[in-house]
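Scroll down for the structure; my scribbles are underneath it.
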Amino acid sequence: MKRPVSIRKVSPMRRSMLWIAALLPAVAACARGASRRDDAPRAIRIGVLRLDARTDKCGVEIYDDKGYRIDGGSLVNLKNVGNSSFPGGERGLPAFIRATWTACRSTPSGALTGYGSPVIADYTAKVAERIPAEVLEFLRTKGGSLRLKIRLVDDGVLVGWDVEKIVSAASWKPGDGPSGVHYYMAGGDFREDQVVNGKVVERGWEHPPSSVSNLKRP
């Protein structure tokens with residue numbers, strides 16, 4: 001039977017290796033903890049950003065909490081809708097967004113624009129902390145990408161979300177429904193009308209902005 005090794009008889013290099021081996025479980029535990037933190041809403045990467053407005057909004061600028069411009073437009077309403085790949089996906093969900101718009105004015109051609117006009121609205125709305133854990137679980141287990149939706153209203157900014165998932169004919173499986181683009185787990189302050197072939201098949205809904213999630217900036 002081999003005698004137990006005494007630490008005092010082990011070389012300095014061997015002793016260091018033993019200490020490293022003893023620390024590995026703690027390092028692994030920290031790594032697992034970091035992985036769990038990475039699953040928090042702040043770390044979700046957005047696939048699509050959707051922007052519309054209940055009434056005409058001109059000179060629109062949307063920024064994330066890092067000060068990056070993520071969307072905007074000369075004129076935004078329920079017809080001029082922005083659907084774009086989220087430019088800040090690598091930064092994850094913003095803690096909040098800031099939306100500004102200006103007074104609308106007519107161009108010589110009769111079109112509305114707001115660039116060059118004074119800013120008349122400046123709102124901040126919370127985002128990351130509002131995403132439910134159920135949405136994270138859906139993304140983790142069923143796939144798809146998070147779609148962040150922003151709607152400008154006269155007295156604030158509405159924030160909504162859902163999961164966009166493309167079901168192809170090749171990857172179809174029972175329970176997927178028809179192939180095509182589907183949206184799941186809609187939540188937040190609003191959901192847009194569901195339109196198929198140019199016709200509204202399901203009316204959306206909207207909640208007024210709350211004083212908790214919207215802060216008008218001076």
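Going through the structure tokens in order, the chains are called A, B, and so on, while each chain numbers its residues from 1 and the ligands are numbered from 1 in the order shown.
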
Problem - Glu164 of chain A surroundings by only C-alpha atoms, 6 Å radius, close-in-sequence under 3 positions cut, as a list in words - result: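 Counting only C-alpha atoms, the residues come to Gly144, Ser145, His182 and Tyr183 of chain A.
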
Deliver the residues from the most recent selection as a file, using N, CA, C and O atoms, as a PDB file, in the first residue's frame.
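Writing the result to out.pdb gives the following:
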ATOM      1  N   GLY A 144     -35.670  30.922 -32.279  1.00  0.00           N
ATOM      2  CA  GLY A 144     -36.236  32.185 -32.724  1.00  0.00           C
ATOM      3  C   GLY A 144     -35.354  33.339 -32.292  1.00  0.00           C
ATOM      4  O   GLY A 144     -34.293  33.158 -31.695  1.00  0.00           O
ATOM      5  N   SER A 145     -35.788  34.546 -32.584  1.00  0.00           N
ATOM      6  CA  SER A 145     -35.037  35.731 -32.192  1.00  0.00           C
ATOM      7  C   SER A 145     -35.983  36.745 -31.570  1.00  0.00           C
ATOM      8  O   SER A 145     -37.160  36.831 -31.932  1.00  0.00           O
ATOM      9  N   HIS A 182     -43.681  33.367 -37.881  1.00  0.00           N
ATOM     10  CA  HIS A 182     -44.640  33.382 -36.782  1.00  0.00           C
ATOM     11  C   HIS A 182     -44.090  34.221 -35.631  1.00  0.00           C
ATOM     12  O   HIS A 182     -42.869  34.357 -35.466  1.00  0.00           O
ATOM     13  N   TYR A 183     -45.010  34.752 -34.817  1.00  0.00           N
ATOM     14  CA  TYR A 183     -44.630  35.563 -33.669  1.00  0.00           C
ATOM     15  C   TYR A 183     -45.272  34.992 -32.416  1.00  0.00           C
ATOM     16  O   TYR A 183     -46.465  34.694 -32.398  1.00  0.00           O
TER      17      TYR A 183
END

Handout entry: Pick from A:Val48, A:Val200, A:Ile166, A:Ile62, whichever lies nearest to Gly143 of chain A using only C-alpha atoms
Key =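 So, comparing all the options, the nearest one is A:Ile166.
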
Handout entry: Spatial neighbours of segment 91-98 of chain A, max dist 12 Å, only C-alpha atoms, sep filter under 5 positions, as a count of residues only
Key = 54

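Restricting the calculation to only C-alpha atoms, the smallest distance between Leu112 of chain A and any of A:Ser85, A:Thr100, A:Arg140, A:Gly59 is found for A:Gly59.
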
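Across the model, the gap from atom CA of Lys79 of chain A to atom CA of Tyr115 of chain A is 19.3 Å.
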